[in-house]
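Enquirer: target-v1.tsv (TSV, C-alpha atoms and all ligand atoms) pasted underneath:
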```tsv
chain	number	residue	atom	x	y	z
J	1	MET	CA	102.59	20.52	101.83
J	2	LYS	CA	101.95	21.15	98.15
J	3	LYS	CA	103.40	24.13	96.32
J	4	ASN	CA	101.22	27.18	95.67
J	5	PRO	CA	100.04	26.61	92.07
J	6	PHE	CA	99.62	30.35	91.36
J	7	TYR	CA	102.30	32.89	90.47
J	8	LEU	CA	103.19	36.24	91.98
J	9	LYS	CA	106.35	36.55	89.96
J	10	GLU	CA	106.69	36.15	86.21
J	11	ILE	CA	104.96	32.98	85.08
J	12	PRO	CA	107.43	30.39	83.67
J	13	VAL	CA	106.92	29.35	80.08
J	14	ASP	CA	106.05	25.76	81.04
J	15	ALA	CA	103.58	26.64	83.82
J	16	PRO	CA	99.83	26.04	83.26
J	17	PHE	CA	98.36	28.90	81.23
J	18	CYS	CA	94.71	29.86	80.98
J	19	ASP	CA	93.12	29.79	77.50
J	20	ARG	CA	94.90	31.87	74.78
J	21	GLU	CA	94.82	28.85	72.44
J	22	LYS	CA	93.48	30.87	69.54
J	23	GLU	CA	95.88	33.73	70.19
J	24	LEU	CA	98.80	31.30	70.34
J	25	SER	CA	97.86	29.63	67.11
J	26	ASP	CA	97.14	32.96	65.30
J	27	LEU	CA	100.42	34.49	66.42
J	28	ILE	CA	102.46	31.40	65.58
J	29	SER	CA	100.97	31.29	62.11
J	30	TYR	CA	101.62	35.03	61.55
J	31	ALA	CA	105.20	34.53	62.65
J	32	LYS	CA	105.65	31.56	60.32
J	33	SER	CA	104.37	33.58	57.37
J	34	ASN	CA	106.86	36.36	58.21
J	35	ALA	CA	104.11	38.85	59.04
J	36	ASN	CA	104.73	41.81	61.33
J	37	VAL	CA	102.30	42.15	64.23
J	38	VAL	CA	101.48	44.81	66.82
J	39	LEU	CA	100.31	43.02	69.98
J	40	PHE	CA	98.58	45.39	72.36
J	41	SER	CA	96.49	45.36	75.53
J	42	PRO	CA	96.35	47.19	78.86
J	43	ARG	CA	99.10	46.38	81.36
J	44	ARG	CA	99.54	42.84	82.67
J	45	TYR	CA	97.10	41.10	80.35
J	46	GLY	CA	99.77	38.54	79.54
J	47	LYS	CA	101.42	39.88	76.37
J	48	THR	CA	104.98	39.06	77.40
J	49	SER	CA	104.06	35.60	78.74
J	50	LEU	CA	102.16	34.87	75.54
J	51	ILE	CA	105.04	35.99	73.32
J	52	LYS	CA	107.47	33.84	75.29
J	53	ARG	CA	105.18	30.88	74.58
J	54	VAL	CA	104.90	31.79	70.91
J	55	GLN	CA	108.68	31.96	70.71
J	56	SER	CA	109.15	28.74	72.63
J	57	ASN	CA	106.88	26.99	70.12
J	58	LEU	CA	108.68	28.53	67.13
J	59	LYS	CA	112.01	27.55	68.66
J	60	SER	CA	110.93	23.93	68.92
J	61	TYR	CA	110.52	23.96	65.12
J	62	GLY	CA	113.99	25.40	64.63
J	63	THR	CA	113.24	29.14	64.39
J	64	LEU	CA	115.79	31.51	65.88
J	65	THR	CA	113.82	33.70	68.29
J	66	ALA	CA	115.16	37.01	69.56
J	67	TYR	CA	113.44	38.81	72.43
J	68	CYS	CA	114.31	42.45	72.98
J	69	ASP	CA	112.83	44.47	75.83
J	70	LEU	CA	112.92	48.20	75.15
J	71	PHE	CA	111.58	49.26	78.54
J	72	GLY	CA	113.31	52.39	79.82
J	73	VAL	CA	115.54	53.02	76.78
J	74	THR	CA	116.99	56.50	76.93
J	75	SER	CA	119.01	56.82	73.72
J	76	VAL	CA	119.22	55.59	70.18
J	77	GLU	CA	122.54	53.82	70.94
J	78	GLU	CA	120.75	51.93	73.71
J	79	ILE	CA	117.99	50.80	71.33
J	80	ALA	CA	120.64	49.53	68.91
J	81	GLY	CA	122.57	47.92	71.77
J	82	ARG	CA	119.54	46.04	73.04
J	83	ILE	CA	118.78	44.72	69.55
J	84	ALA	CA	122.39	43.56	69.16
J	85	LYS	CA	122.31	42.00	72.62
J	86	SER	CA	119.15	40.02	71.79
J	87	ILE	CA	120.92	38.48	68.79
J	88	TYR	CA	124.05	37.62	70.78
J	89	THR	CA	121.90	36.13	73.54
J	90	ILE	CA	120.08	33.68	71.26
J	91	THR	CA	123.16	32.62	69.35
J	92	GLN	CA	125.53	32.40	72.32
J	93	LYS	CA	124.99	28.68	72.94
J	94	ASN	CA	125.72	27.71	69.35
J	95	GLU	CA	129.35	28.35	68.47
J	96	GLY	CA	128.84	28.57	64.72
J	97	LEU	CA	125.93	30.99	64.97
J	98	PHE	CA	127.62	33.05	67.66
J	99	GLN	CA	130.67	33.48	65.44
J	100	LYS	CA	128.40	34.56	62.59
J	101	ALA	CA	126.71	37.10	64.84
J	102	ILE	CA	130.14	38.47	65.87
J	103	ASN	CA	131.22	38.69	62.23
J	104	PHE	CA	128.08	40.51	61.09
J	105	ILE	CA	127.27	42.75	64.04
J	106	THR	CA	130.15	45.15	63.69
J	107	SER	CA	128.58	47.94	65.77
J	108	PHE	CA	128.65	46.03	69.10
J	109	ARG	CA	130.96	43.44	70.65
J	110	PRO	CA	129.53	40.84	72.99
J	111	VAL	CA	130.80	40.70	76.58
J	112	LEU	CA	130.21	37.40	78.34
J	113	SER	CA	130.15	37.14	82.11
J	114	PRO	CA	128.97	34.54	84.64
J	115	SER	CA	125.33	35.13	85.60
J	116	PRO	CA	124.07	34.84	89.19
J	117	GLU	CA	122.02	31.76	88.16
J	118	GLY	CA	125.18	29.92	87.19
J	119	GLY	CA	124.96	30.40	83.41
J	120	VAL	CA	126.51	33.01	81.17
J	121	SER	CA	125.00	36.42	80.62
J	122	VAL	CA	125.62	38.58	77.60
J	123	SER	CA	126.07	42.33	77.49
J	124	VAL	CA	127.37	44.50	74.67
J	125	GLN	CA	129.93	47.23	74.13
J	126	THR	CA	130.00	49.68	71.22
J	127	SER	CA	132.80	48.94	68.79
J	128	PHE	CA	133.22	52.52	67.62
J	129	LYS	CA	132.05	55.99	68.59
J	130	THR	CA	129.83	57.70	66.07
J	131	ASP	CA	126.43	59.32	66.03
J	132	GLY	CA	123.61	57.23	67.49
J	133	ILE	CA	121.45	57.06	64.36
J	134	LYS	CA	124.44	55.69	62.41
J	135	ILE	CA	124.94	52.99	65.07
J	136	LEU	CA	121.28	52.00	64.79
J	137	GLU	CA	121.51	51.93	61.01
J	138	GLU	CA	124.66	49.82	61.16
J	139	THR	CA	123.04	47.43	63.65
J	140	MET	CA	119.92	46.98	61.52
J	141	ASN	CA	122.10	46.52	58.47
J	142	SER	CA	124.04	43.82	60.32
J	143	LEU	CA	120.80	42.16	61.36
J	144	GLU	CA	119.71	42.05	57.73
J	145	LYS	CA	122.98	40.41	56.68
J	146	PHE	CA	122.80	37.97	59.58
J	147	VAL	CA	119.21	36.95	58.75
J	148	ASN	CA	120.10	36.50	55.08
J	149	ASP	CA	123.09	34.40	55.96
J	150	VAL	CA	121.71	31.98	58.55
J	151	ASP	CA	119.79	29.10	57.15
J	152	LEU	CA	117.01	29.43	59.71
J	153	GLU	CA	113.74	31.29	60.10
J	154	VAL	CA	114.12	34.28	62.44
J	155	HIS	CA	111.55	35.89	64.71
J	156	VAL	CA	112.16	39.15	66.57
J	157	ALA	CA	109.95	40.38	69.43
J	158	LEU	CA	110.35	44.03	70.41
J	159	ASP	CA	108.62	44.35	73.77
J	160	GLU	CA	107.53	47.76	75.15
J	161	PHE	CA	108.10	49.11	71.65
J	162	GLN	CA	106.31	52.41	72.37
J	163	GLU	CA	109.29	53.37	74.55
J	164	ILE	CA	111.19	54.42	71.42
J	165	THR	CA	108.94	57.49	71.27
J	166	GLU	CA	110.47	58.74	74.55
J	167	VAL	CA	113.90	58.98	72.96
J	168	HIS	CA	115.27	62.12	71.29
J	169	ASN	CA	114.73	62.13	67.48
J	170	SER	CA	112.19	59.34	67.73
J	171	ILE	CA	110.80	59.94	64.23
J	172	GLY	CA	114.33	59.50	62.84
J	173	ILE	CA	114.58	56.23	64.79
J	174	GLU	CA	111.19	55.07	63.50
J	175	GLY	CA	112.37	55.88	59.97
J	176	ILE	CA	115.50	53.72	60.21
J	177	LEU	CA	113.72	50.84	61.92
J	178	ARG	CA	110.90	50.88	59.39
J	179	GLN	CA	113.29	50.93	56.45
J	180	TYR	CA	115.04	47.76	57.63
J	181	ILE	CA	112.05	45.95	59.07
J	182	GLN	CA	110.45	46.18	55.63
J	183	LYS	CA	113.51	44.62	53.98
J	184	ILE	CA	114.57	41.98	56.49
J	185	GLN	CA	113.11	38.56	55.70
J	186	CYS	CA	111.74	37.70	59.11
J	187	SER	CA	108.76	38.36	61.33
J	188	PHE	CA	108.78	41.24	63.81
J	189	PHE	CA	106.34	41.52	66.71
J	190	PHE	CA	105.88	44.92	68.35
J	191	ILE	CA	104.43	44.64	71.83
J	192	GLY	CA	103.19	47.26	74.24
J	193	SER	CA	100.64	48.42	76.76
J	194	ARG	CA	100.53	52.17	76.22
J	195	ARG	CA	98.03	51.58	73.51
J	196	ARG	CA	97.49	55.07	72.15
J	197	ILE	CA	101.18	55.75	71.78
J	198	LEU	CA	101.88	52.32	70.30
J	199	LEU	CA	98.97	52.34	67.88
J	200	ASP	CA	99.70	55.89	66.75
J	201	ILE	CA	103.10	54.70	65.54
J	202	PHE	CA	101.40	52.25	63.18
J	203	ASN	CA	98.12	53.93	62.35
J	204	ASP	CA	99.11	57.54	61.75
J	205	ARG	CA	99.60	58.03	58.03
J	206	LYS	CA	102.31	60.62	58.61
J	207	ARG	CA	104.53	58.18	60.54
J	208	PRO	CA	107.12	55.84	58.97
J	209	PHE	CA	105.49	52.67	60.36
J	210	PHE	CA	102.05	53.49	58.91
J	211	GLN	CA	100.21	50.24	58.11
J	212	SER	CA	103.34	48.13	58.31
J	213	ALA	CA	101.97	45.55	60.76
J	214	LEU	CA	98.77	43.72	61.68
J	215	ASN	CA	97.03	45.06	64.79
J	216	TYR	CA	96.30	42.26	67.27
J	217	GLU	CA	94.48	43.02	70.50
J	218	LEU	CA	94.77	40.83	73.58
J	219	LYS	CA	91.58	40.86	75.65
J	220	THR	CA	90.81	39.75	79.20
J	221	LEU	CA	90.33	36.02	79.84
J	222	PRO	CA	86.93	34.46	78.99
J	223	ASP	CA	84.71	33.59	82.01
J	224	LYS	CA	84.43	29.88	81.35
J	225	ASP	CA	88.13	29.26	80.81
J	226	LEU	CA	89.10	31.33	83.80
J	227	VAL	CA	86.73	29.47	86.12
J	228	ARG	CA	87.85	26.07	84.83
J	229	PHE	CA	91.54	27.02	85.09
J	230	THR	CA	91.24	28.40	88.62
J	231	ILE	CA	89.34	25.39	89.97
J	232	ALA	CA	91.89	23.05	88.38
J	233	GLN	CA	94.84	24.95	89.88
J	234	PHE	CA	93.35	24.84	93.40
J	235	LYS	CA	92.75	21.14	92.95
J	236	LYS	CA	96.33	20.63	91.80
J	237	GLY	CA	97.49	22.34	94.97
J	238	GLY	CA	95.30	20.00	97.04
J	239	LYS	CA	92.66	22.63	97.94
J	240	TYR	CA	89.08	23.30	96.86
J	241	ILE	CA	87.13	26.27	95.51
J	242	SER	CA	83.52	26.16	94.28
J	243	GLU	CA	82.45	27.36	90.85
J	244	GLU	CA	80.37	30.05	92.50
J	245	ASN	CA	83.30	31.46	94.49
J	246	THR	CA	85.58	31.32	91.45
J	247	ALA	CA	83.02	33.32	89.48
J	248	ARG	CA	82.96	35.84	92.35
J	249	ILE	CA	86.71	36.35	92.08
J	250	SER	CA	86.62	36.63	88.27
J	251	GLN	CA	84.08	39.37	88.68
J	252	LEU	CA	86.13	41.18	91.33
J	253	VAL	CA	89.23	41.13	89.14
J	254	SER	CA	87.27	41.77	85.91
J	255	ASN	CA	88.83	38.63	84.34
J	256	HIS	CA	92.23	40.28	84.49
J	257	PRO	CA	94.98	37.62	84.15
J	258	TYR	CA	97.54	39.19	86.48
J	259	TYR	CA	95.06	40.06	89.22
J	260	MET	CA	93.48	36.61	89.00
J	261	GLN	CA	96.89	34.99	89.61
J	262	LYS	CA	97.73	37.37	92.41
J	263	PHE	CA	94.32	37.05	94.08
J	264	CYS	CA	94.44	33.26	93.94
J	265	PHE	CA	98.07	33.16	95.12
J	266	PHE	CA	97.16	35.00	98.34
J	267	LEU	CA	93.89	33.10	98.70
J	268	TYR	CA	95.65	29.75	98.40
J	269	GLU	CA	98.17	30.80	101.07
J	270	GLU	CA	95.39	31.96	103.37
J	271	ILE	CA	93.03	29.01	103.38
J	272	ASP	CA	93.44	25.61	104.89
J	273	LYS	CA	91.41	23.31	102.63
J	274	GLU	CA	88.42	25.09	101.12
J	275	VAL	CA	87.67	28.67	100.06
J	276	ALA	CA	84.79	30.40	101.85
J	277	GLN	CA	83.13	33.63	100.77
J	278	LYS	CA	84.61	35.52	103.73
J	279	ASP	CA	88.12	34.60	102.54
J	280	ILE	CA	87.39	36.29	99.23
J	281	VAL	CA	86.32	39.49	100.95
J	282	ALA	CA	89.50	39.49	103.04
J	283	ILE	CA	91.83	38.76	100.13
J	284	ASN	CA	90.29	41.54	98.06
J	285	GLN	CA	91.66	43.97	100.67
J	286	VAL	CA	95.04	42.21	100.67
J	287	VAL	CA	95.39	42.54	96.89
J	288	MET	CA	94.36	46.18	96.98
J	289	GLU	CA	96.86	46.88	99.76
J	290	SER	CA	99.61	45.05	97.87
J	291	GLU	CA	99.17	47.46	94.94
J	292	ARG	CA	98.94	50.61	97.08
J	293	VAL	CA	102.55	51.73	96.55
J	294	VAL	CA	102.21	51.35	92.77
J	295	PHE	CA	98.94	53.28	92.74
J	296	GLU	CA	100.33	56.03	94.94
J	297	SER	CA	103.31	56.46	92.68
J	298	ILE	CA	100.99	56.77	89.67
J	299	LEU	CA	99.14	59.60	91.42
J	300	GLN	CA	102.42	61.30	92.28
J	301	GLY	CA	103.07	61.72	88.56
J	302	LEU	CA	99.71	63.44	87.97
J	303	THR	CA	98.38	66.98	88.47
J	304	THR	CA	95.57	67.70	90.92
J	305	LYS	CA	93.17	68.27	88.00
J	306	GLN	CA	94.09	64.93	86.44
J	307	ILE	CA	93.57	63.16	89.77
J	308	ALA	CA	90.16	64.78	90.18
J	309	PHE	CA	89.14	63.67	86.69
J	310	LEU	CA	90.51	60.16	87.17
J	311	SER	CA	88.70	59.78	90.44
J	312	ALA	CA	85.44	61.05	88.85
J	313	LEU	CA	85.75	58.43	86.12
J	314	ALA	CA	86.44	55.75	88.73
J	315	ARG	CA	83.24	56.61	90.54
J	316	GLU	CA	81.15	57.26	87.44
J	317	PRO	CA	82.33	56.28	83.96
J	318	THR	CA	80.69	58.53	81.39
J	319	ALA	CA	80.51	59.31	77.69
J	320	LYS	CA	79.56	62.87	78.57
J	321	VAL	CA	82.71	64.15	80.23
J	322	TYR	CA	81.98	67.73	79.17
J	323	SER	CA	78.40	67.85	80.45
J	324	THR	CA	77.81	70.70	82.87
J	325	SER	CA	76.27	68.45	85.49
J	326	TYR	CA	79.20	65.97	85.44
J	327	MET	CA	81.75	68.77	85.63
J	328	ALA	CA	79.90	70.43	88.49
J	329	GLN	CA	79.28	67.21	90.43
J	330	TYR	CA	82.96	66.30	90.47
J	331	ASN	CA	84.35	69.81	90.56
J	332	LEU	CA	86.30	69.39	87.34
J	333	GLY	CA	86.93	73.02	86.41
J	334	SER	CA	87.06	74.06	82.74
J	335	THR	CA	86.38	72.16	79.52
J	336	GLY	CA	89.95	72.92	78.41
J	337	GLY	CA	91.32	71.38	81.59
J	338	ILE	CA	89.28	68.22	81.08
J	339	GLN	CA	90.48	68.00	77.50
J	340	GLN	CA	94.11	68.14	78.65
J	341	SER	CA	93.53	65.57	81.40
J	342	LEU	CA	91.73	63.28	78.97
J	343	ASP	CA	94.59	63.44	76.52
J	344	SER	CA	97.32	62.95	79.08
J	345	LEU	CA	95.57	60.16	81.04
J	346	SER	CA	94.72	58.21	77.90
J	347	LYS	CA	98.31	58.52	76.63
J	348	LYS	CA	99.39	56.99	79.93
J	349	ASP	CA	96.77	54.30	79.33
J	350	LEU	CA	95.15	55.03	82.69
J	351	ILE	CA	91.76	55.69	81.09
J	352	GLU	CA	90.10	54.37	77.95
J	353	LYS	CA	86.94	54.83	75.93
J	354	LYS	CA	84.85	51.67	76.02
J	355	HIS	CA	83.95	50.50	72.48
J	356	LYS	CA	80.44	49.33	73.31
J	357	THR	CA	79.16	52.24	75.38
J	358	GLY	CA	81.46	55.09	74.33
J	359	ALA	CA	82.00	55.79	78.05
J	360	TRP	CA	85.37	56.88	79.43
J	361	ALA	CA	86.54	54.66	82.31
J	362	VAL	CA	89.59	53.77	84.39
J	363	VAL	CA	91.47	50.89	82.72
J	364	ASP	CA	92.79	48.93	85.73
J	365	PRO	CA	90.01	47.35	87.87
J	366	PHE	CA	91.94	47.49	91.17
J	367	PHE	CA	93.18	51.00	90.55
J	368	LYS	CA	89.57	51.99	89.96
J	369	ASN	CA	88.44	50.39	93.25
J	370	TRP	CA	91.33	51.94	95.13
J	371	LEU	CA	90.51	55.41	93.74
J	372	ILE	CA	86.93	54.97	94.89
J	373	ALA	CA	88.08	53.79	98.33
J	374	ILE	CA	90.42	56.74	98.89
J	375	SER	CA	87.90	59.32	97.69
J	376	LEU	CA	85.25	58.27	100.21
J	401	LIG	N1	96.79	33.19	80.19
J	401	LIG	C1	97.25	33.31	81.42
J	401	LIG	N2	97.08	32.33	82.33
J	401	LIG	C2	97.52	32.46	83.58
J	401	LIG	N3	98.18	33.54	84.04
J	401	LIG	C3	98.39	34.54	83.19
J	401	LIG	C4	97.95	34.49	81.84
J	401	LIG	N4	98.32	35.64	81.24
J	401	LIG	C5	98.95	36.37	82.16
J	401	LIG	N5	99.00	35.73	83.33
J	401	LIG	C6	99.56	36.25	84.60
J	401	LIG	O1	99.74	37.65	84.49
J	401	LIG	C7	101.11	37.99	84.74
J	401	LIG	C8	101.48	39.20	83.92
J	401	LIG	O2	101.61	38.84	82.57
J	401	LIG	P1	102.62	39.54	81.57
J	401	LIG	O3	103.78	40.10	82.27
J	401	LIG	O4	102.84	38.57	80.47
J	401	LIG	O5	101.68	40.72	81.06
J	401	LIG	P2	102.02	41.92	80.09
J	401	LIG	O6	100.78	42.17	79.30
J	401	LIG	O7	103.28	41.66	79.36
J	401	LIG	O8	102.22	43.11	81.15
J	401	LIG	P3	102.92	44.53	80.91
J	401	LIG	O9	102.00	45.32	80.05
J	401	LIG	O10	103.01	45.11	82.29
J	401	LIG	O11	104.25	44.27	80.27
J	401	LIG	C9	101.89	36.72	84.41
J	401	LIG	O12	103.13	36.65	85.09
J	401	LIG	C10	100.92	35.64	84.91
J	401	LIG	O13	101.02	35.46	86.30
J	402	MG	MG	105.07	42.75	79.27
```
Now that the file is in, can you turn its structure into structure tokens?
Ligand SMILES: Nc1ncnc2c1ncn2[C@@H]1O[C@H](COP(=O)(O)OP(=O)(O)OP(=O)(O)O)[C@@H](O)[C@H]1O
Ligand SMILES: [Mg+2]
Expert:
Amino acid sequence: MKKNPFYLKEIPVDAPFCDREKELSDLISYAKSNANVVLFSPRRYGKTSLIKRVQSNLKSYGTLTAYCDLFGVTSVEEIAGRIAKSIYTITQKNEGLFQKAINFITSFRPVLSPSPEGGVSVSVQTSFKTDGIKILEETMNSLEKFVNDVDLEVHVALDEFQEITEVHNSIGIEGILRQYIQKIQCSFFFIGSRRRILLDIFNDRKRPFFQSALNYELKTLPDKDLVRFTIAQFKKGGKYISEENTARISQLVSNHPYYMQKFCFFLYEEIDKEVAQKDIVAINQVVMESERVVFESILQGLTTKQIAFLSALAREPTAKVYSTSYMAQYNLGSTGGIQQSLDSLSKKDLIEKKHKTGAWAVVDPFFKNWLIAISL
């Protein structure tokens, strides 16, 4: 039997990828010209997978590519530590470069240990105890010296960058990072899915990062490419899906890259040779059910008023959230309450204002459908 050609887990960098040719070429050329870029989109649109491909391409031309995930950082020392770790990780296989990294990065020592996959994994330990901001400053200073010293282009990706705003004294942290990012001769990419928080860092004139990077939005996948890709993947796995049924799925998942992969993964497992319309109906329920725990935990973090508002927007997106009839129909309480919910839900990137229509709507297509299903 052939292997399922779709991915539930993280997609490997050499696996078939749908479209994104223009994005790849734009981002590679920005990186090569040492530009700083903010790459943003809702969750699971493929930012991380795309960046890994950008970095893999840059690497093949000799660029040193550091990838630093800031998800869940809780302190300024941790931010500095993760940056240091990303430099040790990329240099670790090259003795000369690794030694240089050790010489320059005085704030953290590397600790090497065998990884479960059989390789070596790198962690870091602080070299001295001092206040966190000083450690960050020292780390960025070391990075600057390292970049100046190595005879290679350097590219640094800071994924989930908005997480720095969750840390105490985040404006101080932004100040230090900005100061060095401006000076260091390499390209920095800032990536994130909580769009309002991320974009505020760069587009608020009172913040240190104001206008220091190009804004680059990742959209959903185009219809044509998605249909072509999906049909080809089924074929590769020795099974068949018609163009019509593929278009049906694209519509159900709103051309969302992650949901398309997940939907097709389950669908491929389910069918014998050829996809029928009834399979699509069944798998839609399977995908929704597979996300239930995630959706429930999102609701657990919200107030009753926020849930009521979210569920109203799921059932009826609107530009007129404060209209008396809308508020009455969905029992939304006061204008002040709606204003608070709107602010908090959009900061969490659960709702967004559509550019074309000006209507507020739920961002995630399956979350929207699930909200509708549970409110019936
Ligand atoms: N262009 C693509 N072609 C095929 N599959 C894709 C594509 N882009 C994304 N995917 C699928 O979506 C999954 C999620 O992508 P990824 O983790 O890169 O998204 P993300 O935007 O970084 O998400 P998050 O905001 O949660 O960090 C991938 O593992 C892959 O299965
Ligand atoms: Mg990601």
Enquirer: Could you name the residues that touch Leu152 of chain J at 8 Å or less, counting only C-alpha atoms, but leaving out those on the same chain fewer than 2 positions away, as a list in words?
Expert: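 Residues meeting the cut-off are Gly62, Thr63, Leu64, Val147, Val150 and Val154 of chain J.
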Enquirer: Pick out the closest residue to ligand MG 402 (chain J) from this set: J:Glu166, J:Asp131, J:Glu274, J:Glu160. Count all atoms listed in the file.
Expert: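 Among the listed residues, the smallest separation from ligand MG 402 (chain J) belongs to J:Glu160.
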Enquirer: If we count all atoms listed in the file and set the cut-off at 9 Å, which residues sit around Arg292 of chain J, ignoring sequence neighbours fewer than 4 positions away in its own chain? Please answer as a PyMOL selection string.
Expert: chain J and resi 287-288+296-297+367+370
Enquirer: How far is it from atom CA of Leu313 of chain J to atom CA of Ala361 of chain J, in Å with one decimal?
Expert: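 These two atoms are separated by 5.4 Å.
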Enquirer: Just want the residues within 12 Å of ligand MG 402 (chain J), written as a PyMOL selection string, counting only C-alpha atoms and all ligand atoms.
Expert: chain J and resi 10-11+39-52+67-71+157-162+190-194+218+258
